[in-house]
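Engineer: There's a structure below that I have some questions on.
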Amino acid sequence: MAVKTFNFSKAGNRQQESEDSFAFDQSKERYAICDGASDSIFSGLWASCLANSFVSDSFNLDNEEDYFLMLTDARRKWFSSINWAGLPWNVKNKSIRGSYCTFLGFSIVRDDGTYCDAWAVGDSCLFIFNQDDFLSFPLKSPDDFGVHPDLVWSGYGHPMNERKEYKPDYRVKRLSTEINDDSKIVIATDALSKYIMEGGEESLNKIVANIDSREFFDSMRSNGTIKNDDLSAIIISFS
């Protein structure tokens, strides 16, 4: 099984300014991708913490308690990574409200056959390509992409982080399906997901052929084929 990845920041932004993040562990066959919301601060950090928390453990997000445990682990990483005392006052005021990101976690299960479990909040998407068709999750059509997707919240920042009423929403969408030996799997953030939905396997082939070329993706952003957004994907091939 081969895994390829990329993460290109918006055109005009430095790479470290990308608010997308992904993580994977091939030995566990667990993968995650998250897209930080641009209107919240430290959202790229929150996306990284959430993706890594999913991959680092065996959380079963069918279980609401496991979902809360994953968020608690991610939130500790997020909170401890920020120098709250050293923040400028304007950043501090915004960071109190916390960070937001989409989430898609994907796990391969090998039993009598090969299956996958996937969980999603928001508009980062999973695609499973088989011969002449593909499955998409959680969104099904380019028209489904909206301005305000569901997001996962980090909880409050300092000094409101200990508020007792904090409890994460449980709004996770779920997919379980069989995978074939010739399947190709893509996990992508929203702008790239929309492009894949519009073009199917033709779009996927272009992405794979240019996976290391930021210039290719910048040219598509400049001509309006893809909106100017951070672009990230994990591509998994079984054959």
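Residue numbers start at 1 in each chain; chains themselves are named A, B, ... in the order of the structure tokens; ligands are numbered from 1 in the order shown.
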Step one, run DSSP on the backbone; step two, keep only residues of segment 142-212 of chain A assigned to helix (DSSP H, G or I); then write them as a short mmCIF file (atom, residue, chain, number, x, y, z; two decimals) with N, CA and C atoms, in the first residue's frame.

Structural biologist:
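Done, and the output landed in selection14.cif:
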data_model
loop_
_atom_site.label_atom_id
_atom_site.label_comp_id
_atom_site.auth_asym_id
_atom_site.auth_seq_id
_atom_site.Cartn_x
_atom_site.Cartn_y
_atom_site.Cartn_z
N PRO A 142 -20.94 18.91 -5.65
CA PRO A 142 -20.28 20.22 -5.53
C PRO A 142 -21.19 21.30 -4.96
N ASP A 143 -22.50 21.14 -5.17
CA ASP A 143 -23.45 22.13 -4.64
C ASP A 143 -23.58 22.07 -3.13
N ASP A 144 -23.06 20.99 -2.50
CA ASP A 144 -23.18 20.84 -1.05
C ASP A 144 -22.19 21.72 -0.28
N ASP A 190 -11.63 21.08 1.63
CA ASP A 190 -12.83 21.41 0.86
C ASP A 190 -12.59 21.83 -0.59
N ALA A 191 -11.65 22.73 -0.85
CA ALA A 191 -11.47 23.22 -2.22
C ALA A 191 -11.06 22.09 -3.15
N LEU A 192 -10.16 21.24 -2.68
CA LEU A 192 -9.73 20.11 -3.50
C LEU A 192 -10.84 19.08 -3.62
N SER A 193 -11.61 18.88 -2.58
CA SER A 193 -12.73 17.93 -2.62
C SER A 193 -13.75 18.35 -3.68
N LYS A 194 -14.05 19.63 -3.74
CA LYS A 194 -15.00 20.12 -4.75
C LYS A 194 -14.47 19.86 -6.16
N TYR A 195 -13.19 20.10 -6.36
CA TYR A 195 -12.57 19.85 -7.66
C TYR A 195 -12.67 18.38 -8.04
N ILE A 196 -12.44 17.48 -7.09
CA ILE A 196 -12.52 16.04 -7.36
C ILE A 196 -13.96 15.64 -7.69
N MET A 197 -14.92 16.17 -6.96
CA MET A 197 -16.33 15.86 -7.25
C MET A 197 -16.71 16.30 -8.66
N GLU A 198 -16.21 17.44 -9.07
CA GLU A 198 -16.57 17.98 -10.39
C GLU A 198 -15.97 17.17 -11.53
N GLY A 199 -14.77 16.61 -11.32
CA GLY A 199 -14.08 15.94 -12.42
C GLY A 199 -13.86 14.46 -12.26
N GLU A 201 -12.43 10.85 -11.68
CA GLU A 201 -11.11 10.24 -11.81
C GLU A 201 -10.16 11.08 -12.66
N GLU A 202 -10.71 11.83 -13.60
CA GLU A 202 -9.85 12.72 -14.39
C GLU A 202 -9.16 13.75 -13.49
N SER A 203 -9.91 14.32 -12.56
CA SER A 203 -9.32 15.26 -11.60
C SER A 203 -8.30 14.58 -10.72
N LEU A 204 -8.62 13.37 -10.25
CA LEU A 204 -7.68 12.63 -9.41
C LEU A 204 -6.38 12.37 -10.16
N ASN A 205 -6.45 11.96 -11.41
CA ASN A 205 -5.24 11.67 -12.18
C ASN A 205 -4.37 12.91 -12.35
N LYS A 206 -5.00 14.07 -12.55
CA LYS A 206 -4.23 15.32 -12.66
C LYS A 206 -3.53 15.64 -11.34
N ILE A 207 -4.24 15.42 -10.24
CA ILE A 207 -3.65 15.67 -8.92
C ILE A 207 -2.44 14.77 -8.69
N VAL A 208 -2.60 13.48 -8.96
CA VAL A 208 -1.50 12.53 -8.74
C VAL A 208 -0.31 12.86 -9.64
N ALA A 209 -0.57 13.25 -10.88
CA ALA A 209 0.52 13.56 -11.81
C ALA A 209 1.29 14.82 -11.41
#

Engineer: Do a neighbour search on Ser237 of chain A at 12 Å with only C-alpha atoms, toss out local chain neighbours closer than 6 positions, and write the hits as a PyMOL selection string.

Structural biologist: chain A and resi 1-5+127-130+179-187+208

Engineer: Identify which of the residues A:Lys77, A:Lys173, A:Lys10, A:Arg97 lies closest to Leu139 of chain A, counting only C-alpha atoms when measuring atom-to-atom distances.

Structural biologist: A:Lys173

Engineer: Point out the residue among A:Trp78, A:Trp119, A:Tyr67, A:Phe145 with the least atom-to-atom distance to Leu104 of chain A, counting only C-alpha atoms.

Structural biologist: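 Result for the nearest residue to Leu104 of chain A: A:Trp119.
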
Engineer: Just the strand (DSSP E or B) stuff from segment 143-191 of chain A, please, per backbone DSSP, written as a list in words.

Structural biologist: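 Assigned to strand (DSSP E or B), within segment 143-191 of chain A: Val152, Trp153, Lys173, Arg174, Leu175, Ser176, Thr177, Glu178, Lys184, Ile185, Val186, Ile187 and Ala188 of chain A.
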
Engineer: Would you put the residues from that selection into a file with N, CA, C and O atoms, as a compact mmCIF listing (two decimals), in the first residue's frame?

Structural biologist:
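Contents of the output file out01.txt:
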# COMPACT_ATOMS: atom_id res chain seq x y z
N VAL A 152 -15.47 21.68 14.38
CA VAL A 152 -15.15 21.18 15.72
C VAL A 152 -14.45 22.30 16.49
O VAL A 152 -13.51 22.92 15.98
N TRP A 153 -14.92 22.54 17.71
CA TRP A 153 -14.42 23.64 18.53
C TRP A 153 -13.37 23.14 19.52
O TRP A 153 -13.52 22.07 20.12
N LYS A 173 -20.74 12.56 11.44
CA LYS A 173 -21.33 11.71 10.41
C LYS A 173 -20.46 10.46 10.23
O LYS A 173 -19.25 10.51 10.42
N ARG A 174 -21.09 9.37 9.81
CA ARG A 174 -20.44 8.06 9.86
C ARG A 174 -20.56 7.31 8.54
O ARG A 174 -21.61 7.34 7.90
N LEU A 175 -19.48 6.64 8.14
CA LEU A 175 -19.50 5.77 6.97
C LEU A 175 -18.74 4.49 7.28
O LEU A 175 -17.68 4.53 7.90
N SER A 176 -19.28 3.36 6.83
CA SER A 176 -18.56 2.09 6.87
C SER A 176 -18.82 1.38 5.55
O SER A 176 -19.97 1.24 5.13
N THR A 177 -17.75 0.97 4.87
CA THR A 177 -17.93 0.34 3.55
C THR A 177 -16.74 -0.55 3.24
O THR A 177 -15.67 -0.42 3.83
N GLU A 178 -16.94 -1.46 2.29
CA GLU A 178 -15.88 -2.38 1.89
C GLU A 178 -14.94 -1.69 0.90
O GLU A 178 -15.34 -0.81 0.13
N LYS A 184 -8.63 3.20 -4.89
CA LYS A 184 -7.80 4.36 -4.56
C LYS A 184 -8.62 5.23 -3.61
O LYS A 184 -9.80 5.48 -3.84
N ILE A 185 -7.98 5.70 -2.57
CA ILE A 185 -8.67 6.46 -1.53
C ILE A 185 -8.02 7.84 -1.43
O ILE A 185 -6.79 7.96 -1.41
N VAL A 186 -8.85 8.87 -1.38
CA VAL A 186 -8.38 10.24 -1.24
C VAL A 186 -9.12 10.88 -0.07
O VAL A 186 -10.34 10.78 0.05
N ILE A 187 -8.37 11.54 0.79
CA ILE A 187 -8.93 12.37 1.85
C ILE A 187 -8.44 13.78 1.59
O ILE A 187 -7.24 14.01 1.50
N ALA A 188 -9.37 14.74 1.48
CA ALA A 188 -8.97 16.08 1.03
C ALA A 188 -9.77 17.16 1.74
O ALA A 188 -10.91 16.92 2.18

Engineer: How close does segment 74-134 of chain A get to segment 43-61 of chain A? List, as a Markdown table, each residue of segment 74-134 of chain A within 8 Å, its nearest atom pair and the distance in Å to one decimal, counting only C-alpha atoms.

Structural biologist:
| residue | atom | partner | partner_atom | distance |
| --- | --- | --- | --- | --- |
| A:Ala74 | CA | A:Leu50 | CA | 5.0 |
| A:Arg75 | CA | A:Cys49 | CA | 7.4 |
| A:Lys77 | CA | A:Cys49 | CA | 6.1 |
| A:Trp78 | CA | A:Trp46 | CA | 5.7 |
| A:Ser99 | CA | A:Ser43 | CA | 5.0 |
| A:Tyr100 | CA | A:Ser43 | CA | 5.7 |
| A:Cys101 | CA | A:Ala47 | CA | 5.8 |
| A:Thr102 | CA | A:Ala47 | CA | 7.7 |
| A:Phe103 | CA | A:Ala51 | CA | 7.5 |
| A:Gly105 | CA | A:Phe54 | CA | 6.9 |
| A:Trp119 | CA | A:Leu61 | CA | 7.0 |

Engineer: Export, as a compact mmCIF listing (two decimals), in the first residue's frame, the selected residues with N, CA, C and O atoms.

Structural biologist:
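File part.txt, as written:
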# COMPACT_ATOMS: atom_id res chain seq x y z
N ALA A 74 -6.84 16.34 22.25
CA ALA A 74 -6.45 17.37 21.27
C ALA A 74 -6.43 18.74 21.93
O ALA A 74 -5.54 19.56 21.65
N ARG A 75 -7.40 18.99 22.77
CA ARG A 75 -7.49 20.31 23.40
C ARG A 75 -6.31 20.56 24.35
O ARG A 75 -5.78 21.67 24.41
N LYS A 77 -3.31 19.38 23.94
CA LYS A 77 -2.17 19.68 23.08
C LYS A 77 -2.26 21.12 22.56
O LYS A 77 -1.25 21.84 22.54
N TRP A 78 -3.43 21.52 22.13
CA TRP A 78 -3.64 22.88 21.62
C TRP A 78 -3.34 23.92 22.69
O TRP A 78 -2.57 24.86 22.48
N SER A 99 -10.56 27.97 18.89
CA SER A 99 -10.30 27.71 17.47
C SER A 99 -11.30 26.71 16.93
O SER A 99 -11.91 25.95 17.68
N TYR A 100 -11.41 26.69 15.58
CA TYR A 100 -12.36 25.80 14.91
C TYR A 100 -11.70 25.15 13.70
O TYR A 100 -10.85 25.75 13.04
N CYS A 101 -12.13 23.93 13.39
CA CYS A 101 -11.67 23.26 12.18
C CYS A 101 -12.66 22.17 11.78
O CYS A 101 -13.48 21.73 12.59
N THR A 102 -12.60 21.77 10.52
CA THR A 102 -13.32 20.57 10.09
C THR A 102 -12.51 19.35 10.52
O THR A 102 -11.35 19.46 10.93
N PHE A 103 -13.12 18.18 10.38
CA PHE A 103 -12.43 16.95 10.77
C PHE A 103 -12.91 15.80 9.90
O PHE A 103 -14.11 15.64 9.65
N GLY A 105 -11.74 11.66 9.92
CA GLY A 105 -10.90 10.55 10.36
C GLY A 105 -11.26 9.29 9.61
O GLY A 105 -12.45 9.01 9.36
N TRP A 119 -15.32 9.00 9.84
CA TRP A 119 -16.13 9.91 10.64
C TRP A 119 -15.82 11.33 10.19
O TRP A 119 -14.66 11.66 9.93

Engineer: Show which residues sit within 12 Å of Asp169 of chain A, as a ChimeraX atom specification. Count only C-alpha atoms, and ignore same-chain residues fewer than 5 positions away.

Structural biologist: /A:64-65,67-68,71,121,150-155

Engineer: One decimal, Å: what's the distance from atom CA of Lys94 of chain A over to atom CA of His148 of chain A, could you say?

Structural biologist: 19.2 Å

Engineer: Could you check which of A:Leu69, A:Val91, A:Ile211, A:Ala85 is closest to Pro159 of chain A, using only C-alpha atoms?

Structural biologist: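 For Pro159 of chain A, the nearest of the given residues is A:Ala85.
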
Engineer: Ranking A:Phe8, A:Ser40, A:Gly200, A:Asp66 by minimum distance to Leu135 of chain A and counting only C-alpha atoms, which one comes first?

Structural biologist: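 Smallest separation from Leu135 of chain A among the options: A:Gly200.
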
Engineer: Using only C-alpha atoms, find the one residue out of A:Ser124, A:Asn83, A:Thr72, A:Gln26 that sits nearest to Ser232 of chain A.

Structural biologist: A:Ser124

Engineer: Tell me, in Å to one decimal, how far atom CA of Asn161 of chain A is from atom CA of Phe106 of chain A.

Structural biologist: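 Computing it gives 29.2 Å between the two atoms.
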
Engineer: Tell me, in Å to one decimal, how far atom CA of Glu19 of chain A is from atom CA of Asn63 of chain A.

Structural biologist: 27.8 Å

Engineer: Can you work out which one of A:Trp84, A:Asp20, A:Glu29, A:Met70 has the shortest atom-to-atom distance to Tyr115 of chain A, counting only C-alpha atoms?

Structural biologist: A:Glu29

Engineer: For Glu215 of chain A, find every residue with an atom within 12 Å (counting only C-alpha atoms), except residues of its own chain fewer than 3 positions away, and show them as a list of chain:residue names.

Structural biologist: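 Skipping anything fewer than 3 positions along the chain leaves A:Phe8, A:Ser9, A:Lys10, A:Ala11, A:Asn210, A:Ile211, A:Asp212, A:Asp218, A:Ser219, A:Met220, A:Arg221, A:Ser222.
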